[in-house]
Amino acid sequence: MTGTLVILRHGQSECNLKNLFTGWHDVPLTEKGAAEAAAAGVTMAETGIRFDTSHTSLQTRAVVTQNLTLEAMDQSWLPVQRSWRLNERHYGALQGLDKKETTERHGAEQVHAWRRGYATPPPPVPLDSPEHPINDPRYSHLPPDVLPASECLKDVVDRVLPYWYDQIAPQLLAGLDVLVTAHGNSLRGLLKHLEDVSDDDIADVNIPTGAPRQYRFDDR
């Protein structure tokens, strides 16, 4: 029997609270975010689900969320794989900016295209920017040309799906129950694939923080 998948967006982060573009910028959870993470674990434990393995990104807010969630499930020992492919979408030159102020500066239509347009990336950051992942030691083992300076959701789908096919799907096909803790856009990209959401309709899909979403599969 094919295993069960649960996807979980990290709890509220400091940038979520301040309404800033976050992307690959690394930020901690708020107290509310930590509570959301623990509550997600309690919710899942109450349903009786027990995971066999787990995945998360290389970003602190997802890593800490998963730790708190598994602690609440008494599964802190669970094996975990971490991958940059599950990172949030890179918001390019928008990272760290206030969303309201950015809208006032560039106009609602342009910012909506950057935020929700499937194939419209924001302006990129230069290679010498601290916001470019080439300057972050956690990505030093990766070829520089795979590290994004900016991404649209289509770019995120293109980097998430190889990880889905190579790492997560084989575990599900082997009958393992799998937890994936990641980010709003990396999980939207996976959801788009799993639920066959169109390029246009995915713009209206939002994944709330700290809310587990469960998938059951048939043998196909």
# chains A, B, ... in the order shown; residues from 1 in each chain; ligands from 1
$ residues_around --residues "A:Ser150" --least-positions-apart "5" --cutoff "7 Å" --atoms "only C-alpha atoms" --output "PyMOL selection string"
chain A and resi 90-92+121-125
$ write_last_selection --atoms "C-alpha atoms" --output "PDB file, in the first residue's frame"
ATOM      1  CA  HIS A  90      13.591  33.454  -4.158  1.00  0.00           C
ATOM      2  CA  TYR A  91      12.011  36.914  -4.351  1.00  0.00           C
ATOM      3  CA  GLY A  92      15.077  38.540  -5.886  1.00  0.00           C
ATOM      4  CA  PRO A 121       9.940  36.673 -11.650  1.00  0.00           C
ATOM      5  CA  PRO A 122      10.826  39.827  -9.693  1.00  0.00           C
ATOM      6  CA  PRO A 123      14.032  41.740 -10.556  1.00  0.00           C
ATOM      7  CA  PRO A 124      17.106  39.636  -9.669  1.00  0.00           C
ATOM      8  CA  VAL A 125      19.708  40.423  -7.038  1.00  0.00           C
TER       9      VAL A 125
END
$ closest_atom_pairs --of "stretch 94-198 of chain A" --to "stretch 12-35 of chain A" --cutoff "10 Å" --atoms "only C-alpha atoms" --output "CSV"
residue,atom,partner,partner_atom,distance
A:Leu94,CA,A:Phe21,CA,6.1
A:Gln95,CA,A:Phe21,CA,4.9
A:Gly96,CA,A:Phe21,CA,5.2
A:Leu97,CA,A:Leu20,CA,5.4
A:Asp98,CA,A:Leu20,CA,4.5
A:Lys99,CA,A:Leu20,CA,5.5
A:Lys100,CA,A:Asn19,CA,7.8
A:Glu101,CA,A:Leu20,CA,9.6
A:Thr102,CA,A:Leu20,CA,9.5
A:Arg115,CA,A:Phe21,CA,9.4
A:Pro130,CA,A:His25,CA,9.2
A:Glu131,CA,A:His25,CA,6.6
A:His132,CA,A:Trp24,CA,8.4
A:Pro133,CA,A:Trp24,CA,7.6
A:Pro148,CA,A:Trp24,CA,9.6
A:Ala149,CA,A:Trp24,CA,9.9
A:Ser150,CA,A:Gly23,CA,9.2
A:Glu151,CA,A:Gly23,CA,9.4
A:His183,CA,A:Gly23,CA,9.1
A:Gly184,CA,A:Gly23,CA,9.8
A:Asn185,CA,A:Gly23,CA,9.1
$ residues_around --residues "A:Leu153" --least-positions-apart "3" --cutoff "7 Å" --atoms "only C-alpha atoms" --output "PyMOL selection string"
chain A and resi 118-119+156-157+185+189
$ write_last_selection --atoms "N, CA and C atoms" --output "PDB file, in the first residue's frame"
ATOM      1  N   TYR A 118       2.359  33.273 -12.549  1.00  0.00           N
ATOM      2  CA  TYR A 118       3.027  31.975 -12.558  1.00  0.00           C
ATOM      3  C   TYR A 118       4.422  32.046 -13.164  1.00  0.00           C
ATOM      4  N   ALA A 119       4.602  32.899 -14.165  1.00  0.00           N
ATOM      5  CA  ALA A 119       5.883  32.923 -14.885  1.00  0.00           C
ATOM      6  C   ALA A 119       6.517  34.305 -14.902  1.00  0.00           C
ATOM      7  N   VAL A 156      10.072  27.557  -9.307  1.00  0.00           N
ATOM      8  CA  VAL A 156      10.012  26.759  -8.084  1.00  0.00           C
ATOM      9  C   VAL A 156       9.500  25.353  -8.393  1.00  0.00           C
ATOM     10  N   VAL A 157       8.454  25.260  -9.218  1.00  0.00           N
ATOM     11  CA  VAL A 157       7.952  23.948  -9.626  1.00  0.00           C
ATOM     12  C   VAL A 157       9.059  23.142 -10.300  1.00  0.00           C
ATOM     13  N   ASN A 185       5.426  28.795  -1.082  1.00  0.00           N
ATOM     14  CA  ASN A 185       5.537  28.627  -2.526  1.00  0.00           C
ATOM     15  C   ASN A 185       6.104  27.281  -2.949  1.00  0.00           C
ATOM     16  N   GLY A 189       3.881  24.794  -5.210  1.00  0.00           N
ATOM     17  CA  GLY A 189       4.363  24.124  -6.402  1.00  0.00           C
ATOM     18  C   GLY A 189       4.085  22.633  -6.372  1.00  0.00           C
TER      19      GLY A 189
END
$ closest_atom_pairs --of "stretch 143-181 of chain A" --to "stretch 36-57 of chain A" --cutoff "6 Å" --atoms "only C-alpha atoms" --output "JSON lines"
{"residue": "A:Leu176", "atom": "CA", "partner": "A:Asp52", "partner_atom": "CA", "distance": 5.6}
{"residue": "A:Asp177", "atom": "CA", "partner": "A:Phe51", "partner_atom": "CA", "distance": 4.9}
{"residue": "A:Val178", "atom": "CA", "partner": "A:Thr53", "partner_atom": "CA", "distance": 5.3}
{"residue": "A:Leu179", "atom": "CA", "partner": "A:Ser54", "partner_atom": "CA", "distance": 4.6}
{"residue": "A:Val180", "atom": "CA", "partner": "A:His55", "partner_atom": "CA", "distance": 4.8}
{"residue": "A:Thr181", "atom": "CA", "partner": "A:Thr56", "partner_atom": "CA", "distance": 4.9}
$ write_last_selection --atoms "all heavy atoms" --output "PDB file, in the first residue's frame"
ATOM      1  N   LEU A 176       5.957   4.119   2.929  1.00  0.00           N
ATOM      2  CA  LEU A 176       6.317   4.954   4.053  1.00  0.00           C
ATOM      3  C   LEU A 176       5.362   6.144   4.175  1.00  0.00           C
ATOM      4  O   LEU A 176       4.891   6.683   3.165  1.00  0.00           O
ATOM      5  CB  LEU A 176       7.749   5.469   3.901  1.00  0.00           C
ATOM      6  CG  LEU A 176       8.853   4.422   3.769  1.00  0.00           C
ATOM      7  CD1 LEU A 176      10.215   5.120   3.668  1.00  0.00           C
ATOM      8  CD2 LEU A 176       8.831   3.439   4.935  1.00  0.00           C
ATOM      9  N   ASP A 177       5.085   6.556   5.400  1.00  0.00           N
ATOM     10  CA  ASP A 177       4.331   7.779   5.660  1.00  0.00           C
ATOM     11  C   ASP A 177       5.329   8.919   5.828  1.00  0.00           C
ATOM     12  O   ASP A 177       6.270   8.818   6.624  1.00  0.00           O
ATOM     13  CB  ASP A 177       3.463   7.629   6.914  1.00  0.00           C
ATOM     14  CG  ASP A 177       2.346   6.609   6.714  1.00  0.00           C
ATOM     15  OD1 ASP A 177       1.897   6.449   5.557  1.00  0.00           O
ATOM     16  OD2 ASP A 177       1.925   5.981   7.693  1.00  0.00           O
ATOM     17  N   VAL A 178       5.105  10.012   5.087  1.00  0.00           N
ATOM     18  CA  VAL A 178       6.129  11.039   4.903  1.00  0.00           C
ATOM     19  C   VAL A 178       5.603  12.416   5.289  1.00  0.00           C
ATOM     20  O   VAL A 178       4.514  12.810   4.872  1.00  0.00           O
ATOM     21  CB  VAL A 178       6.603  11.065   3.432  1.00  0.00           C
ATOM     22  CG1 VAL A 178       7.688  12.127   3.234  1.00  0.00           C
ATOM     23  CG2 VAL A 178       7.118   9.690   2.999  1.00  0.00           C
ATOM     24  N   LEU A 179       6.406  13.169   6.062  1.00  0.00           N
ATOM     25  CA  LEU A 179       6.122  14.556   6.394  1.00  0.00           C
ATOM     26  C   LEU A 179       7.080  15.456   5.620  1.00  0.00           C
ATOM     27  O   LEU A 179       8.291  15.240   5.638  1.00  0.00           O
ATOM     28  CB  LEU A 179       6.304  14.795   7.897  1.00  0.00           C
ATOM     29  CG  LEU A 179       6.215  16.253   8.384  1.00  0.00           C
ATOM     30  CD1 LEU A 179       4.820  16.817   8.166  1.00  0.00           C
ATOM     31  CD2 LEU A 179       6.630  16.354   9.855  1.00  0.00           C
ATOM     32  N   VAL A 180       6.525  16.467   4.946  1.00  0.00           N
ATOM     33  CA  VAL A 180       7.336  17.459   4.251  1.00  0.00           C
ATOM     34  C   VAL A 180       7.012  18.830   4.839  1.00  0.00           C
ATOM     35  O   VAL A 180       5.887  19.315   4.715  1.00  0.00           O
ATOM     36  CB  VAL A 180       7.068  17.476   2.733  1.00  0.00           C
ATOM     37  CG1 VAL A 180       7.873  18.590   2.066  1.00  0.00           C
ATOM     38  CG2 VAL A 180       7.416  16.126   2.119  1.00  0.00           C
ATOM     39  N   THR A 181       7.990  19.437   5.499  1.00  0.00           N
ATOM     40  CA  THR A 181       7.810  20.753   6.107  1.00  0.00           C
ATOM     41  C   THR A 181       8.599  21.765   5.290  1.00  0.00           C
ATOM     42  O   THR A 181       9.821  21.668   5.192  1.00  0.00           O
ATOM     43  CB  THR A 181       8.306  20.753   7.566  1.00  0.00           C
ATOM     44  OG1 THR A 181       7.669  19.683   8.285  1.00  0.00           O
ATOM     45  CG2 THR A 181       7.983  22.080   8.240  1.00  0.00           C
TER      46      THR A 181
END
$ atom_distance --atom1 "atom CA of A:Tyr139" --atom2 "atom CA of A:Arg159"
14.8 Å
$ decode --residues "stretch 121-137 of chain A" --atoms "all heavy atoms" --output "mmCIF file, in the first residue's frame"
data_model
loop_
_atom_site.group_PDB
_atom_site.id
_atom_site.type_symbol
_atom_site.label_atom_id
_atom_site.label_comp_id
_atom_site.auth_asym_id
_atom_site.auth_seq_id
_atom_site.Cartn_x
_atom_site.Cartn_y
_atom_site.Cartn_z
ATOM 1 N N PRO A 121 9.031 36.515 -12.793
ATOM 2 C CA PRO A 121 9.940 36.673 -11.650
ATOM 3 C C PRO A 121 10.169 38.139 -11.322
ATOM 4 O O PRO A 121 10.126 38.997 -12.215
ATOM 5 C CB PRO A 121 11.232 36.019 -12.140
ATOM 6 C CG PRO A 121 11.204 36.228 -13.622
ATOM 7 C CD PRO A 121 9.752 36.143 -14.028
ATOM 8 N N PRO A 122 10.433 38.460 -10.052
ATOM 9 C CA PRO A 122 10.826 39.827 -9.693
ATOM 10 C C PRO A 122 12.225 40.136 -10.226
ATOM 11 O O PRO A 122 12.936 39.234 -10.699
ATOM 12 C CB PRO A 122 10.825 39.795 -8.154
ATOM 13 C CG PRO A 122 10.111 38.541 -7.771
ATOM 14 C CD PRO A 122 10.322 37.587 -8.886
ATOM 15 N N PRO A 123 12.665 41.404 -10.150
ATOM 16 C CA PRO A 123 14.032 41.740 -10.556
ATOM 17 C C PRO A 123 15.049 40.925 -9.747
ATOM 18 O O PRO A 123 14.861 40.721 -8.544
ATOM 19 C CB PRO A 123 14.142 43.232 -10.241
ATOM 20 C CG PRO A 123 12.734 43.735 -10.186
ATOM 21 C CD PRO A 123 11.910 42.599 -9.697
ATOM 22 N N PRO A 124 16.121 40.459 -10.375
ATOM 23 C CA PRO A 124 17.106 39.636 -9.669
ATOM 24 C C PRO A 124 18.032 40.465 -8.785
ATOM 25 O O PRO A 124 18.164 41.674 -8.961
ATOM 26 C CB PRO A 124 17.891 38.986 -10.803
ATOM 27 C CG PRO A 124 17.813 39.995 -11.916
ATOM 28 C CD PRO A 124 16.448 40.606 -11.804
ATOM 29 N N VAL A 125 18.662 39.784 -7.829
ATOM 30 C CA VAL A 125 19.708 40.423 -7.038
ATOM 31 C C VAL A 125 21.050 40.183 -7.725
ATOM 32 O O VAL A 125 21.243 39.164 -8.396
ATOM 33 C CB VAL A 125 19.767 39.878 -5.590
ATOM 34 C CG1 VAL A 125 18.545 40.294 -4.817
ATOM 35 C CG2 VAL A 125 19.934 38.364 -5.582
ATOM 36 N N PRO A 126 22.021 41.106 -7.601
ATOM 37 C CA PRO A 126 23.346 40.886 -8.196
ATOM 38 C C PRO A 126 24.127 39.815 -7.430
ATOM 39 O O PRO A 126 23.795 39.484 -6.279
ATOM 40 C CB PRO A 126 24.013 42.255 -8.066
ATOM 41 C CG PRO A 126 23.316 42.920 -6.924
ATOM 42 C CD PRO A 126 21.898 42.431 -6.959
ATOM 43 N N LEU A 127 25.153 39.293 -8.046
ATOM 44 C CA LEU A 127 25.947 38.218 -7.446
ATOM 45 C C LEU A 127 26.604 38.629 -6.134
ATOM 46 O O LEU A 127 26.849 37.796 -5.261
ATOM 47 C CB LEU A 127 27.020 37.746 -8.426
ATOM 48 C CG LEU A 127 26.534 36.914 -9.617
ATOM 49 C CD1 LEU A 127 27.710 36.637 -10.552
ATOM 50 C CD2 LEU A 127 25.900 35.621 -9.146
ATOM 51 N N ASP A 128 26.916 39.927 -5.969
ATOM 52 C CA ASP A 128 27.593 40.362 -4.751
ATOM 53 C C ASP A 128 26.622 40.771 -3.643
ATOM 54 O O ASP A 128 27.040 41.221 -2.574
ATOM 55 C CB ASP A 128 28.554 41.517 -5.041
ATOM 56 C CG ASP A 128 27.848 42.750 -5.616
ATOM 57 O OD1 ASP A 128 26.632 42.670 -5.879
ATOM 58 O OD2 ASP A 128 28.525 43.774 -5.812
ATOM 59 N N SER A 129 25.335 40.577 -3.859
ATOM 60 C CA SER A 129 24.348 40.914 -2.833
ATOM 61 C C SER A 129 24.332 39.868 -1.723
ATOM 62 O O SER A 129 24.447 38.659 -1.992
ATOM 63 C CB SER A 129 22.947 40.995 -3.449
ATOM 64 O OG SER A 129 21.952 41.057 -2.437
ATOM 65 N N PRO A 130 24.192 40.282 -0.469
ATOM 66 C CA PRO A 130 24.045 39.299 0.610
ATOM 67 C C PRO A 130 22.780 38.464 0.473
ATOM 68 O O PRO A 130 22.655 37.414 1.115
ATOM 69 C CB PRO A 130 24.002 40.167 1.876
ATOM 70 C CG PRO A 130 23.633 41.534 1.415
ATOM 71 C CD PRO A 130 24.192 41.672 0.039
ATOM 72 N N GLU A 131 21.838 38.915 -0.364
ATOM 73 C CA GLU A 131 20.617 38.160 -0.601
ATOM 74 C C GLU A 131 20.781 37.100 -1.689
ATOM 75 O O GLU A 131 19.866 36.312 -1.927
ATOM 76 C CB GLU A 131 19.472 39.108 -0.992
ATOM 77 C CG GLU A 131 19.057 40.076 0.103
ATOM 78 C CD GLU A 131 18.473 39.385 1.319
ATOM 79 O OE1 GLU A 131 18.007 38.230 1.196
ATOM 80 O OE2 GLU A 131 18.486 39.991 2.418
ATOM 81 N N HIS A 132 21.943 37.067 -2.357
ATOM 82 C CA HIS A 132 22.176 36.012 -3.355
ATOM 83 C C HIS A 132 22.718 34.778 -2.631
ATOM 84 O O HIS A 132 23.685 34.867 -1.866
ATOM 85 C CB HIS A 132 23.165 36.468 -4.422
ATOM 86 C CG HIS A 132 23.129 35.614 -5.652
ATOM 87 N ND1 HIS A 132 23.479 34.277 -5.642
ATOM 88 C CD2 HIS A 132 22.756 35.900 -6.937
ATOM 89 C CE1 HIS A 132 23.345 33.779 -6.845
ATOM 90 N NE2 HIS A 132 22.896 34.736 -7.656
ATOM 91 N N PRO A 133 22.118 33.606 -2.854
ATOM 92 C CA PRO A 133 22.547 32.406 -2.119
ATOM 93 C C PRO A 133 23.975 31.978 -2.387
ATOM 94 O O PRO A 133 24.529 31.179 -1.620
ATOM 95 C CB PRO A 133 21.541 31.336 -2.578
ATOM 96 C CG PRO A 133 20.918 31.874 -3.816
ATOM 97 C CD PRO A 133 20.939 33.358 -3.696
ATOM 98 N N ILE A 134 24.595 32.513 -3.424
ATOM 99 C CA ILE A 134 25.994 32.174 -3.672
ATOM 100 C C ILE A 134 26.885 32.645 -2.515
ATOM 101 O O ILE A 134 27.998 32.138 -2.305
ATOM 102 C CB ILE A 134 26.468 32.783 -5.010
ATOM 103 C CG1 ILE A 134 27.722 32.071 -5.516
ATOM 104 C CG2 ILE A 134 26.705 34.276 -4.890
ATOM 105 C CD1 ILE A 134 28.126 32.479 -6.915
ATOM 106 N N ASN A 135 26.384 33.609 -1.729
ATOM 107 C CA ASN A 135 27.140 34.164 -0.605
ATOM 108 C C ASN A 135 26.735 33.572 0.737
ATOM 109 O O ASN A 135 27.142 34.074 1.790
ATOM 110 C CB ASN A 135 26.961 35.688 -0.589
ATOM 111 C CG ASN A 135 27.454 36.332 -1.872
ATOM 112 O OD1 ASN A 135 28.586 36.112 -2.277
ATOM 113 N ND2 ASN A 135 26.597 37.112 -2.529
ATOM 114 N N ASP A 136 25.945 32.512 0.725
ATOM 115 C CA ASP A 136 25.488 31.851 1.944
ATOM 116 C C ASP A 136 26.201 30.500 2.060
ATOM 117 O O ASP A 136 26.098 29.671 1.151
ATOM 118 C CB ASP A 136 23.970 31.661 1.885
ATOM 119 C CG ASP A 136 23.372 31.178 3.201
ATOM 120 O OD1 ASP A 136 24.030 30.361 3.890
ATOM 121 O OD2 ASP A 136 22.257 31.612 3.535
ATOM 122 N N PRO A 137 26.926 30.242 3.155
ATOM 123 C CA PRO A 137 27.714 29.010 3.249
ATOM 124 C C PRO A 137 26.899 27.724 3.181
ATOM 125 O O PRO A 137 27.439 26.672 2.840
ATOM 126 C CB PRO A 137 28.431 29.146 4.601
ATOM 127 C CG PRO A 137 27.649 30.165 5.367
ATOM 128 C CD PRO A 137 27.111 31.102 4.346
#
